[in-house]
>>> print(open('start_21.txt').read())   # compact mmCIF, C-alpha atoms
# COMPACT_ATOMS: atom_id res chain seq x y z
CA MET A 389 76.86 211.63 -40.78
CA ILE A 390 77.82 215.09 -39.60
CA SER A 391 81.02 216.63 -40.91
CA LEU A 392 83.84 217.12 -38.46
CA PHE A 393 84.03 220.68 -39.82
CA ASP A 394 80.61 221.24 -38.25
CA LEU A 395 81.20 219.22 -35.10
CA PHE A 396 84.55 220.78 -34.16
CA LYS A 397 84.00 224.53 -34.40
CA ILE A 398 86.39 227.31 -33.41
CA GLY A 399 84.88 230.00 -31.26
CA ILE A 400 85.07 231.98 -28.06
CA GLY A 401 83.74 230.99 -24.65
CA PRO A 402 81.88 230.46 -22.55
CA SER A 403 79.08 228.51 -24.27
CA SER A 404 78.45 227.01 -27.69
CA SER A 405 74.66 227.10 -27.25
CA HIS A 406 74.55 230.49 -25.53
CA THR A 407 77.51 232.30 -27.12
CA VAL A 408 78.59 230.74 -30.42
CA GLY A 409 75.08 229.88 -31.64
CA PRO A 410 73.48 233.25 -30.83
CA MET A 411 76.43 235.11 -32.41
CA ARG A 412 75.95 233.14 -35.62
CA ALA A 413 72.19 233.73 -35.53
CA ALA A 414 72.61 237.48 -35.02
CA ARG A 415 75.08 237.74 -37.87
CA ARG A 416 72.80 235.73 -40.15
CA PHE A 417 69.88 238.01 -39.35
CA ILE A 418 71.79 241.25 -39.95
CA HIS A 419 73.03 239.89 -43.29
CA SER A 420 69.49 238.85 -44.28
CA LEU A 421 68.24 242.44 -44.21
CA GLU A 422 67.71 244.27 -47.45
CA PRO A 423 70.89 246.22 -48.37
CA ASN A 424 69.07 249.54 -48.73
CA ALA A 425 66.52 249.07 -45.96
CA GLU A 426 66.20 251.97 -43.53
CA ILE A 427 66.46 250.40 -40.10
CA GLY A 428 65.66 252.47 -37.07
CA ARG A 429 65.90 249.83 -34.40
CA ILE A 430 66.62 246.16 -33.76
CA MET A 431 65.16 244.14 -30.91
CA VAL A 432 66.32 240.72 -29.72
CA THR A 433 64.23 238.47 -27.47
CA LEU A 434 65.84 235.55 -25.66
CA TYR A 435 63.61 232.72 -24.50
CA GLY A 436 63.98 229.74 -22.18
CA SER A 437 67.47 228.72 -21.19
CA LEU A 438 68.97 231.63 -23.13
CA ALA A 439 67.00 234.07 -20.99
CA TRP A 440 67.71 232.38 -17.67
CA THR A 441 71.49 232.29 -18.15
CA ALA A 442 72.00 235.23 -20.52
CA SER A 443 74.54 237.19 -18.47
CA GLY A 444 76.38 234.19 -17.06
CA HIS A 445 76.81 232.64 -20.49
CA ALA A 446 77.52 236.00 -22.22
CA THR A 447 74.57 235.63 -24.60
CA ASP A 448 73.97 239.38 -24.57
CA LYS A 449 77.60 239.96 -25.53
CA ALA A 450 77.40 237.34 -28.29
CA VAL A 451 74.28 238.92 -29.78
CA ILE A 452 75.95 242.33 -29.95
CA LEU A 453 79.05 240.90 -31.61
CA GLY A 454 76.96 238.98 -34.14
CA LEU A 455 74.88 242.04 -35.01
CA ALA A 456 78.15 243.92 -35.48
CA GLY A 457 79.08 241.35 -38.11
CA GLU A 458 81.63 239.37 -36.10
CA THR A 459 82.00 235.58 -36.32
CA PRO A 460 82.95 233.17 -33.53
CA GLU A 461 85.83 231.84 -35.63
CA SER A 462 87.46 235.19 -36.42
CA ILE A 463 86.66 237.49 -33.51
CA ASP A 464 89.68 238.39 -31.42
CA PRO A 465 88.78 237.70 -27.76
CA ASN A 466 90.99 240.64 -26.79
CA THR A 467 88.91 243.13 -28.82
CA ALA A 468 85.46 241.65 -28.24
CA ASN A 469 84.93 243.51 -24.97
CA SER A 470 85.76 246.88 -26.51
CA ILE A 471 83.22 246.33 -29.31
CA VAL A 472 80.52 245.50 -26.77
CA GLU A 473 81.48 248.41 -24.53
CA ASN A 474 81.19 250.87 -27.43
CA VAL A 475 77.67 249.65 -28.18
CA ASN A 476 76.69 249.80 -24.52
CA THR A 477 78.05 253.33 -24.18
CA GLN A 478 76.82 254.84 -27.44
CA CYS A 479 73.61 252.77 -27.86
CA LEU A 480 74.59 252.63 -31.50
CA LEU A 481 75.36 249.53 -33.53
CA LEU A 482 77.79 249.74 -36.42
CA SER A 483 77.28 246.82 -38.80
CA ASP A 484 77.15 245.97 -42.49
CA ALA A 485 73.62 247.39 -42.45
CA GLY A 486 74.92 250.78 -41.30
CA HIS A 487 74.44 252.69 -38.05
CA ILE A 488 71.47 251.33 -36.11
CA ARG A 489 70.10 252.49 -32.78
CA PHE A 490 70.59 249.66 -30.33
CA ASP A 491 70.43 249.94 -26.55
CA PRO A 492 71.23 246.53 -25.03
CA LYS A 493 69.44 247.47 -21.80
CA THR A 494 66.09 247.75 -23.58
CA ASP A 495 66.62 246.06 -26.93
CA ILE A 496 67.72 242.68 -25.54
CA VAL A 497 64.64 241.25 -23.84
CA LEU A 498 64.88 238.27 -21.47
CA ASP A 499 61.58 236.43 -21.70
CA LYS A 500 61.61 233.91 -18.86
CA GLU A 501 57.88 233.24 -18.96
CA THR A 502 57.12 232.15 -22.53
CA ILE A 503 57.86 228.48 -23.20
CA PRO A 504 59.48 228.17 -26.63
CA PRO A 505 57.41 225.82 -28.80
CA VAL A 506 60.29 223.89 -30.39
CA HIS A 507 63.57 224.19 -28.47
CA PRO A 508 64.51 225.69 -25.08
CA ASN A 509 67.30 227.76 -26.67
CA THR A 510 65.26 230.08 -28.89
CA LEU A 511 65.94 233.69 -29.86
CA GLN A 512 63.97 236.17 -31.96
CA PHE A 513 65.22 239.13 -34.00
CA GLU A 514 63.07 242.04 -35.13
CA ALA A 515 64.04 245.01 -37.28
CA PHE A 516 61.94 248.16 -37.30
CA SER A 517 61.84 251.12 -39.64
CA PRO A 518 62.52 254.65 -38.31
CA ASN A 519 58.74 255.14 -37.88
CA GLY A 520 58.44 251.94 -35.80
CA SER A 521 56.92 249.53 -38.30
CA LEU A 522 58.20 245.95 -38.38
CA ILE A 523 60.18 245.26 -41.54
CA ALA A 524 61.89 241.93 -40.75
CA GLN A 525 61.65 239.13 -38.21
CA ALA A 526 63.46 235.82 -37.68
CA ARG A 527 63.52 233.15 -34.98
CA PHE A 528 66.36 230.71 -34.47
CA CYS A 529 67.02 227.73 -32.23
CA SER A 530 70.53 227.24 -30.86
CA VAL A 531 70.51 223.46 -30.73
CA GLY A 532 73.93 222.76 -29.21
CA GLY A 533 77.53 222.79 -30.35
CA GLY A 534 77.14 226.16 -32.07
CA PHE A 535 74.52 224.78 -34.49
CA ILE A 536 71.66 227.16 -35.30
CA VAL A 537 68.46 226.26 -37.12
CA PRO A 538 65.54 228.52 -38.12
CA GLU A 539 62.73 227.66 -35.75
CA ILE A 540 60.36 226.70 -38.56
CA HIS A 541 62.92 224.16 -39.83
CA THR A 542 63.97 222.66 -36.50
CA GLU A 543 61.38 219.90 -36.25
CA GLY A 544 62.23 217.05 -38.54
CA SER A 545 65.52 218.60 -39.62
CA THR A 546 68.34 216.30 -40.63
CA TYR A 547 72.07 216.71 -40.92
CA THR A 548 72.81 213.93 -43.39
CA LEU A 549 75.38 214.94 -45.97
CA PRO A 550 74.91 213.94 -49.62
CA ASP A 551 76.96 211.49 -51.67
CA MET A 552 78.81 209.83 -48.83
CA PRO A 553 80.80 206.75 -49.85
CA HIS A 554 80.25 205.22 -46.38
CA ASP A 555 77.11 206.90 -45.06
CA PHE A 556 75.93 205.83 -41.61
CA SER A 557 73.45 207.09 -39.03
CA SER A 558 73.88 204.58 -36.21
CA GLY A 559 76.65 202.78 -34.39
CA GLN A 560 75.62 199.50 -35.97
CA GLU A 561 75.77 201.00 -39.45
CA LEU A 562 79.19 202.45 -38.67
CA LEU A 563 80.47 199.01 -37.70
CA GLU A 564 78.94 197.56 -40.89
CA ARG A 565 80.69 200.21 -43.02
CA THR A 566 84.06 199.35 -41.45
CA ALA A 567 83.49 195.63 -42.01
CA GLU A 568 82.37 196.12 -45.62
CA SER A 569 85.26 198.41 -46.53
CA LYS A 570 87.84 196.67 -44.30
CA GLN A 571 88.78 200.13 -43.04
CA SER A 572 89.09 201.67 -39.60
CA ILE A 573 86.52 204.14 -38.31
CA SER A 574 88.93 207.01 -38.90
CA GLN A 575 89.49 205.88 -42.50
CA VAL A 576 85.74 205.67 -43.10
CA VAL A 577 85.23 209.19 -41.75
CA LEU A 578 88.18 210.53 -43.75
CA ALA A 579 86.78 209.00 -46.94
CA ASN A 580 83.43 210.69 -46.29
CA GLU A 581 85.08 214.04 -45.60
CA ALA A 582 87.22 213.67 -48.74
CA ALA A 583 84.02 213.36 -50.76
CA LEU A 584 83.24 216.95 -49.81
CA ARG A 585 86.66 218.56 -50.08
CA PRO A 586 90.26 217.67 -50.97
CA PRO A 587 91.89 215.31 -48.41
CA TYR A 588 94.66 217.81 -47.70
CA GLU A 589 92.03 220.32 -46.52
CA VAL A 590 90.73 217.75 -44.06
CA GLU A 591 94.20 217.05 -42.68
CA THR A 592 94.98 220.77 -42.54
CA TYR A 593 91.81 221.39 -40.56
CA LEU A 594 92.54 218.50 -38.20
CA ASP A 595 96.01 219.87 -37.53
CA LYS A 596 94.55 223.33 -36.97
CA ILE A 597 92.08 221.95 -34.43
CA ILE A 598 94.88 220.10 -32.66
CA ASP A 599 97.03 223.25 -32.55
CA ILE A 600 94.18 225.37 -31.14
CA MET A 601 93.40 222.76 -28.49
CA MET A 602 97.02 222.52 -27.40
CA ALA A 603 97.43 226.32 -27.46
CA CYS A 604 94.33 226.67 -25.30
CA ILE A 605 95.85 224.31 -22.74
CA GLU A 606 99.10 226.29 -22.75
CA ARG A 607 97.28 229.60 -22.22
CA GLY A 608 95.25 228.11 -19.43
CA LEU A 609 98.39 226.85 -17.69
CA CYS A 610 99.81 230.38 -17.54
CA GLU A 611 96.87 232.67 -16.87
CA THR A 612 96.05 233.74 -13.32
CA GLY A 613 93.46 235.95 -11.67
CA THR A 614 89.70 235.79 -11.21
CA LEU A 615 87.20 234.47 -13.72
CA PRO A 616 84.38 236.81 -14.85
CA GLY A 617 81.12 236.83 -12.93
CA ARG A 618 79.84 237.42 -9.45
CA LEU A 619 81.15 234.14 -8.04
CA LYS A 620 84.72 235.51 -8.12
CA VAL A 621 86.17 232.07 -8.86
CA ASN A 622 89.96 232.12 -8.91
CA ARG A 623 91.84 230.42 -11.71
CA ARG A 624 93.80 227.49 -10.33
CA ALA A 625 95.38 225.79 -13.35
CA ALA A 626 98.59 227.85 -13.11
CA LYS A 627 99.13 226.91 -9.47
CA LEU A 628 98.28 223.28 -10.12
CA HIS A 629 100.75 223.29 -13.00
CA GLN A 630 103.49 224.68 -10.79
CA ARG A 631 102.87 222.07 -8.10
CA LEU A 632 102.80 219.17 -10.55
CA THR A 633 105.97 220.40 -12.24
CA GLU A 634 107.74 220.60 -8.88
CA ARG A 635 106.49 217.16 -7.89
CA SER A 636 107.72 215.65 -11.17
CA LEU A 637 111.28 216.42 -10.05
CA GLN A 638 110.93 214.27 -6.94
CA ASN A 639 111.83 210.61 -6.69
CA ASP A 640 108.79 209.64 -4.60
CA ARG A 641 105.78 210.36 -6.81
CA PRO A 642 102.21 209.01 -6.55
CA ALA A 643 101.03 206.39 -9.03
CA HIS A 644 98.04 208.53 -9.99
CA GLU A 645 100.20 211.50 -11.04
CA VAL A 646 99.31 211.13 -14.72
CA MET A 647 95.63 211.53 -13.84
CA ASP A 648 96.47 214.78 -12.07
CA TRP A 649 97.99 216.03 -15.32
CA VAL A 650 94.91 215.03 -17.29
CA SER A 651 92.68 216.89 -14.82
CA LEU A 652 94.97 219.90 -15.09
CA PHE A 653 94.73 219.96 -18.89
CA ALA A 654 90.91 219.88 -18.76
CA ILE A 655 90.74 222.57 -16.08
CA ALA A 656 93.13 224.81 -18.04
CA VAL A 657 90.90 224.67 -21.13
CA ASN A 658 87.68 225.29 -19.28
CA GLU A 659 89.08 228.21 -17.34
CA GLU A 660 89.98 229.71 -20.70
CA ASN A 661 86.46 229.00 -21.90
CA ALA A 662 84.92 230.61 -18.81
CA ALA A 663 87.10 233.67 -19.42
CA GLY A 664 85.86 234.04 -23.00
CA GLY A 665 89.02 232.72 -24.62
CA ARG A 666 89.35 230.87 -27.92
CA VAL A 667 88.35 227.21 -27.69
CA VAL A 668 87.15 224.39 -29.90
CA THR A 669 83.58 223.22 -29.40
CA ALA A 670 84.14 219.53 -28.78
CA PRO A 671 81.24 218.98 -29.10
CA THR A 672 80.25 222.04 -27.00
CA ASN A 673 82.06 224.83 -25.17
CA GLY A 674 80.82 223.64 -21.79
CA ALA A 675 82.57 220.33 -22.49
CA ALA A 676 85.50 221.81 -24.42
CA GLY A 677 88.15 220.55 -22.01
CA VAL A 678 87.52 216.80 -22.22
CA ILE A 679 88.84 215.96 -25.68
CA PRO A 680 91.90 218.29 -25.52
CA ALA A 681 92.86 216.80 -22.14
CA VAL A 682 92.64 213.20 -23.40
CA LEU A 683 94.36 214.14 -26.66
CA ARG A 684 97.19 215.74 -24.66
CA TYR A 685 97.35 212.59 -22.50
CA TYR A 686 97.82 210.54 -25.66
CA ARG A 687 100.48 212.91 -27.00
CA ASP A 688 102.51 213.28 -23.79
CA PHE A 689 102.05 209.99 -21.95
CA CYS A 690 101.37 207.23 -24.49
CA PRO A 691 104.45 205.59 -26.09
CA GLY A 692 104.33 205.69 -29.87
CA SER A 693 102.02 208.70 -30.09
CA SER A 694 102.12 210.56 -33.39
CA GLN A 695 100.49 213.34 -35.36
CA GLN A 696 98.63 210.75 -37.42
CA GLY A 697 97.43 209.14 -34.22
CA MET A 698 96.02 212.50 -33.11
CA ARG A 699 94.24 212.88 -36.44
CA ASP A 700 92.78 209.38 -36.10
CA PHE A 701 91.67 210.34 -32.59
CA LEU A 702 89.67 213.33 -33.85
CA LEU A 703 88.26 211.57 -36.91
CA THR A 704 86.97 208.74 -34.72
CA ALA A 705 85.65 211.13 -32.08
CA ALA A 706 83.78 213.02 -34.80
CA ALA A 707 82.02 209.84 -35.89
CA ILE A 708 80.76 209.23 -32.35
CA GLY A 709 79.79 212.84 -31.73
CA GLY A 710 77.85 212.90 -34.97
CA LEU A 711 75.79 209.89 -33.86
CA PHE A 712 74.78 211.65 -30.66
CA LYS A 713 73.91 214.79 -32.60
CA LEU A 714 71.81 212.87 -35.12
CA ASN A 715 70.00 210.55 -32.72
CA ALA A 716 69.83 212.44 -29.42
CA SER A 717 71.25 215.87 -28.58
CA ILE A 718 74.40 217.70 -27.55
CA SER A 719 72.47 220.56 -25.93
CA GLY A 720 72.57 220.92 -22.16
CA ALA A 721 69.33 222.89 -22.35
CA GLU A 722 67.66 219.93 -24.04
CA VAL A 723 69.08 216.84 -22.29
CA GLY A 724 71.27 218.09 -19.43
CA CYS A 725 75.02 217.76 -19.08
CA GLN A 726 74.94 214.15 -20.22
CA GLY A 727 74.61 215.70 -23.68
CA GLU A 728 77.72 217.82 -23.21
CA VAL A 729 80.36 216.33 -20.90
CA GLY A 730 78.84 212.87 -21.36
CA VAL A 731 79.07 213.05 -25.15
CA ALA A 732 82.56 214.57 -24.98
CA SER A 733 83.71 211.72 -22.73
CA SER A 734 82.24 209.15 -25.10
CA MET A 735 83.94 210.83 -28.07
CA ALA A 736 87.27 211.03 -26.25
CA ALA A 737 87.08 207.38 -25.16
CA ALA A 738 86.54 206.28 -28.75
CA GLY A 739 89.23 208.61 -30.06
CA LEU A 740 91.83 207.43 -27.57
CA ALA A 741 91.04 203.78 -28.23
CA ALA A 742 91.44 204.38 -31.96
CA ALA A 743 94.76 206.20 -31.51
CA LEU A 744 96.02 203.30 -29.39
CA GLY A 745 95.16 200.75 -32.08
CA ALA A 746 91.80 199.37 -30.97
CA ASN A 747 89.55 197.66 -33.50
CA PRO A 748 86.11 199.10 -34.41
CA LEU A 749 84.26 196.83 -31.98
CA GLN A 750 86.49 197.91 -29.10
CA ILE A 751 86.10 201.56 -30.12
CA GLU A 752 82.30 201.27 -30.16
CA ASN A 753 82.51 199.63 -26.73
CA ALA A 754 84.71 202.45 -25.40
CA ALA A 755 82.20 205.05 -26.63
CA GLU A 756 79.34 203.12 -25.04
CA ILE A 757 81.11 202.88 -21.67
CA GLY A 758 81.97 206.58 -21.77
CA MET A 759 78.32 207.60 -22.08
CA GLU A 760 76.74 204.83 -20.00
CA HIS A 761 78.32 206.25 -16.86
CA HIS A 762 77.22 209.81 -17.55
CA LEU A 763 73.54 209.00 -18.03
CA GLY A 764 71.27 211.33 -16.11
CA MET A 765 73.89 214.01 -15.48
CA THR A 766 72.13 217.33 -14.94
CA CYS A 767 73.17 220.77 -16.15
CA ASP A 768 72.96 223.06 -13.11
CA PRO A 769 75.40 225.96 -13.55
CA VAL A 770 75.70 228.05 -10.41
CA ALA A 771 74.75 231.68 -11.11
CA GLY A 772 74.38 230.76 -14.78
CA LEU A 773 78.16 230.62 -15.17
CA VAL A 774 80.24 227.86 -16.74
CA GLN A 775 82.45 227.62 -13.66
CA ILE A 776 80.78 225.54 -10.94
CA PRO A 777 80.49 222.59 -11.46
CA CYS A 778 81.46 222.76 -15.14
CA ILE A 779 85.24 223.18 -14.90
CA GLU A 780 85.86 220.22 -12.58
CA ARG A 781 83.23 218.19 -14.43
CA ASN A 782 85.39 218.33 -17.55
CA ALA A 783 88.30 216.89 -15.58
CA PHE A 784 86.19 213.95 -14.45
CA GLY A 785 84.85 213.45 -17.97
CA ALA A 786 88.42 213.17 -19.26
CA ILE A 787 89.40 210.65 -16.58
CA LYS A 788 86.31 208.56 -17.34
CA ALA A 789 87.17 208.60 -21.04
CA ILE A 790 90.63 207.18 -20.41
CA ASN A 791 89.19 204.53 -18.11
CA ALA A 792 86.53 203.63 -20.69
CA ALA A 793 89.12 203.21 -23.45
CA SER A 794 91.29 201.07 -21.20
CA LEU A 795 88.42 198.80 -20.15
CA ALA A 796 87.28 198.37 -23.74
CA MET A 797 90.76 197.50 -24.96
CA HIS A 798 91.11 194.82 -22.29
CA GLY A 799 88.16 193.08 -23.95
CA ASP A 800 87.51 191.76 -27.44
CA GLY A 801 84.73 194.20 -28.27
CA ALA A 802 81.88 191.95 -27.20
CA HIS A 803 79.47 193.59 -24.73
CA HIS A 804 75.81 193.46 -23.75
CA VAL A 805 74.74 197.11 -24.19
CA SER A 806 75.35 198.72 -27.57
CA LEU A 807 76.27 202.33 -28.28
CA ASP A 808 72.96 202.79 -30.10
CA GLN A 809 71.04 201.60 -27.04
CA VAL A 810 72.93 204.02 -24.82
CA ILE A 811 72.31 206.91 -27.21
CA ARG A 812 68.61 206.08 -27.25
CA THR A 813 68.59 205.87 -23.45
CA MET A 814 70.34 209.23 -23.17
CA ALA A 815 67.71 210.84 -25.39
CA GLU A 816 64.87 209.33 -23.36
CA THR A 817 66.50 210.35 -20.08
CA GLY A 818 66.88 213.90 -21.36
CA ARG A 819 63.21 214.07 -22.31
CA ASP A 820 62.18 212.80 -18.86
CA MET A 821 64.52 215.16 -16.96
CA ASN A 822 62.84 218.04 -15.14
CA HIS A 823 63.42 221.28 -17.05
CA ARG A 824 65.00 222.88 -13.95
CA TYR A 825 68.02 220.63 -14.39
CA LYS A 826 68.64 221.57 -18.01
CA GLU A 827 70.81 224.72 -18.05
CA THR A 828 68.35 227.06 -16.37
CA SER A 829 70.16 227.63 -13.03
CA LEU A 830 66.83 226.78 -11.38
CA GLY A 831 67.80 223.44 -9.83
CA GLY A 832 70.57 221.34 -8.33
CA LEU A 833 73.75 223.08 -7.24
CA ALA A 834 72.50 226.33 -8.73
CA VAL A 835 69.91 226.68 -5.94
CA ASN A 836 71.60 224.75 -3.14
CA PHE A 837 74.93 226.56 -3.30
CA PRO A 838 74.92 229.79 -1.23
CA GLU A 839 76.52 232.51 -3.34
CA CYS A 840 77.00 234.94 -0.50
>>> encode(input="start_21.txt", output="structure tokens")
Amino acid sequence: MISLFDLFKIGIGPSSSHTVGPMRAARRFIHSLEPNAEIGRIMVTLYGSLAWTASGHATDKAVILGLAGETPESIDPNTANSIVENVNTQCLLLSDAGHIRFDPKTDIVLDKETIPPVHPNTLQFEAFSPNGSLIAQARFCSVGGGFIVPEIHTEGSTYTLPDMPHDFSSGQELLERTAESKQSISQVVLANEAALRPPYEVETYLDKIIDIMMACIERGLCETGTLPGRLKVNRRAAKLHQRLTERSLQNDRPAHEVMDWVSLFAIAVNEENAAGGRVVTAPTNGAAGVIPAVLRYYRDFCPGSSQQGMRDFLLTAAAIGGLFKLNASISGAEVGCQGEVGVASSMAAAGLAAALGANPLQIENAAEIGMEHHLGMTCDPVAGLVQIPCIERNAFGAIKAINAASLAMHGDGAHHVSLDQVIRTMAETGRDMNHRYKETSLGGLAVNFPEC
């Protein structure tokens, strides 16, 4: 299984694969250099999806911040722009390795022609001496959700953690572990996490993730203005919030009002993500609004909701997300948006069902339903930005998750298609999908939407 500490990461928007991952890779490279090495220049080459959507997904900005020694978890979104602007203006990088000449206009190369041999999100770092000789080189793959893997280790890599009391790598094995131990899915996951660190650290981290998700919603409900990028998309969460608040004071209110609130929560988060704010990859930044929206739905609209219920929600969601990561992908550049919003919806469906008291069979069914109806979803960001159709897509993913949990809980857990079969189908569908529909901005809405 994959630890929830790895699956739920704290970072800045707009993309886990294109922002969080490259920032981590850049920081790892700069720290790998010899302490006393004389470095005259650093060059970064972005390949594949990273090259096609570099500006829209702020990959260039992320690389600069990583080379400057910043981390996605600790960087203040309010100061990030000033750090990047200083580098752009002075063509000088200040990092742990000292002052290094770095001109982003020439030293960040967008290679849109070379096909990366292992993963579509590949980036290369090169360090040169003052006389121009190559002294260090590294290539990384940003494989989704902020995960980075050295290219030479990507094929055949595993994420299995050692010494797990209830280890599992499939949905069927997860159900077997719950039956054997007579524990819930959340209890199984908590026991595994507690084998790696004290239980109080796990609960503290869960509460921190919950707080950041809720704070992100609150920021998104208040912020106004235009989102970055040439599309000039206006934020709308604040206005939607005002309208829904006013409508809640009326006697005659539509039956679907709660769904409007769920959509609002998801939109608020993803507008924050698009603006470069602090979010939780859940499992990715592009899908960061789904789980917070459904978690907020549970907290605000479900009788009997509790802090423990929210923890159980995230523990259960982590189990499902880990299965997709292990057996398929959570990278839009690899399998399309089914691997981002689809996985997030599946995770949220399982988490909500767990928080509402569903049994493991019903939870597995909820996760299966959540993904089954996202199969084949393409990733076609207009202008390479996580705005159209990504923001609204999170709202629909959240609504589908709630519906999936509800349908599953109306049954006894018996169903024809298993979660493992759906995960396998998602992986196969992603492999068969034309590369233009996998986060390149070369197909779908990205080419059929007139920007002017």
>>> residues_near_point(input="start_21.txt", point="(81.0, 218.0, -22.1)", cutoff="7 Å", atoms="only C-alpha atoms", output="number ranges by chain")
A: 672, 674-676, 678, 725, 727-733, 782
>>> residues_around(input="start_21.txt", residues="Ala707 (chain A)", least_positions_apart="3", cutoff="12 Å", atoms="only C-alpha atoms", output="PyMOL selection string")
chain A and resi 389-396+554-559+561-563+572-578+580-581+671+700-704+710-714+731-732+734-736+738-739+742+748+751-752+755
>>> write_last_selection(input="start_21.txt", atoms="C-alpha atoms", output="compact mmCIF listing (two decimals), keeping the file's coordinate frame")
# COMPACT_ATOMS: atom_id res chain seq x y z
CA MET A 389 76.86 211.63 -40.78
CA ILE A 390 77.82 215.09 -39.60
CA SER A 391 81.02 216.63 -40.91
CA LEU A 392 83.84 217.12 -38.46
CA PHE A 393 84.03 220.68 -39.82
CA ASP A 394 80.61 221.24 -38.25
CA LEU A 395 81.20 219.22 -35.10
CA PHE A 396 84.55 220.78 -34.16
CA HIS A 554 80.25 205.22 -46.38
CA ASP A 555 77.11 206.90 -45.06
CA PHE A 556 75.93 205.83 -41.61
CA SER A 557 73.45 207.09 -39.03
CA SER A 558 73.88 204.58 -36.21
CA GLY A 559 76.65 202.78 -34.39
CA GLU A 561 75.77 201.00 -39.45
CA LEU A 562 79.19 202.45 -38.67
CA LEU A 563 80.47 199.01 -37.70
CA SER A 572 89.09 201.67 -39.60
CA ILE A 573 86.52 204.14 -38.31
CA SER A 574 88.93 207.01 -38.90
CA GLN A 575 89.49 205.88 -42.50
CA VAL A 576 85.74 205.67 -43.10
CA VAL A 577 85.23 209.19 -41.75
CA LEU A 578 88.18 210.53 -43.75
CA ASN A 580 83.43 210.69 -46.29
CA GLU A 581 85.08 214.04 -45.60
CA PRO A 671 81.24 218.98 -29.10
CA ASP A 700 92.78 209.38 -36.10
CA PHE A 701 91.67 210.34 -32.59
CA LEU A 702 89.67 213.33 -33.85
CA LEU A 703 88.26 211.57 -36.91
CA THR A 704 86.97 208.74 -34.72
CA GLY A 710 77.85 212.90 -34.97
CA LEU A 711 75.79 209.89 -33.86
CA PHE A 712 74.78 211.65 -30.66
CA LYS A 713 73.91 214.79 -32.60
CA LEU A 714 71.81 212.87 -35.12
CA VAL A 731 79.07 213.05 -25.15
CA ALA A 732 82.56 214.57 -24.98
CA SER A 734 82.24 209.15 -25.10
CA MET A 735 83.94 210.83 -28.07
CA ALA A 736 87.27 211.03 -26.25
CA ALA A 738 86.54 206.28 -28.75
CA GLY A 739 89.23 208.61 -30.06
CA ALA A 742 91.44 204.38 -31.96
CA PRO A 748 86.11 199.10 -34.41
CA ILE A 751 86.10 201.56 -30.12
CA GLU A 752 82.30 201.27 -30.16
CA ALA A 755 82.20 205.05 -26.63
>>> residues_around(input="start_21.txt", residues="Gly692 (chain A)", least_positions_apart="3", cutoff="9 Å", atoms="only C-alpha atoms", output="count of residues only")
3
>>> atom_distance(input="start_21.txt", atom1="CA of Leu498 (chain A)", atom2="CA of Gly677 (chain A)")
29.3 Å
>>> axis_aligned_box(input="start_21.txt", around="region 806-816 of chain A", padding_each_side="5 Å", output="JSON")
{"center_x": 70.6, "center_y": 204.8, "center_z": -26.6, "size_x": 21.4, "size_y": 22.1, "size_z": 16.9}
>>> atom_distance(input="start_21.txt", atom1="CA of Ala662 (chain A)", atom2="CA of Pro402 (chain A)")
4.8 Å
>>> closest_residue(input="start_21.txt", among="A:Ala456, A:Met821, A:Ala446, A:Leu632", to="Val774 (chain A)", atoms="all atoms listed in the file")
A:Ala446
>>> atom_distance(input="start_21.txt", atom1="CA of Glu645 (chain A)", atom2="CA of Phe689 (chain A)")
11.2 Å
>>> build_atoms(input="start_21.txt", residues="region 751-759 of chain A", atoms="N, CA and C atoms", output="mmCIF file, in the coordinates of the input")
data_model
loop_
_atom_site.group_PDB
_atom_site.id
_atom_site.type_symbol
_atom_site.label_atom_id
_atom_site.label_comp_id
_atom_site.auth_asym_id
_atom_site.auth_seq_id
_atom_site.Cartn_x
_atom_site.Cartn_y
_atom_site.Cartn_z
ATOM 1 N N ILE A 751 86.346 200.115 -30.110
ATOM 2 C CA ILE A 751 86.100 201.560 -30.120
ATOM 3 C C ILE A 751 84.640 201.855 -29.815
ATOM 4 N N GLU A 752 83.734 201.095 -30.435
ATOM 5 C CA GLU A 752 82.300 201.270 -30.160
ATOM 6 C C GLU A 752 82.010 200.972 -28.699
ATOM 7 N N ASN A 753 82.675 199.968 -28.149
ATOM 8 C CA ASN A 753 82.510 199.630 -26.730
ATOM 9 C C ASN A 753 83.014 200.769 -25.845
ATOM 10 N N ALA A 754 84.155 201.345 -26.184
ATOM 11 C CA ALA A 754 84.710 202.450 -25.400
ATOM 12 C C ALA A 754 83.739 203.632 -25.386
ATOM 13 N N ALA A 755 83.161 203.950 -26.547
ATOM 14 C CA ALA A 755 82.200 205.050 -26.630
ATOM 15 C C ALA A 755 80.970 204.757 -25.781
ATOM 16 N N GLU A 756 80.511 203.519 -25.814
ATOM 17 C CA GLU A 756 79.340 203.120 -25.040
ATOM 18 C C GLU A 756 79.604 203.252 -23.537
ATOM 19 N N ILE A 757 80.762 202.784 -23.093
ATOM 20 C CA ILE A 757 81.110 202.880 -21.670
ATOM 21 C C ILE A 757 81.188 204.344 -21.253
ATOM 22 N N GLY A 758 81.796 205.173 -22.096
ATOM 23 C CA GLY A 758 81.970 206.580 -21.770
ATOM 24 C C GLY A 758 80.644 207.286 -21.513
ATOM 25 N N MET A 759 79.614 206.966 -22.301
ATOM 26 C CA MET A 759 78.320 207.600 -22.080
ATOM 27 C C MET A 759 77.506 206.906 -21.001
#
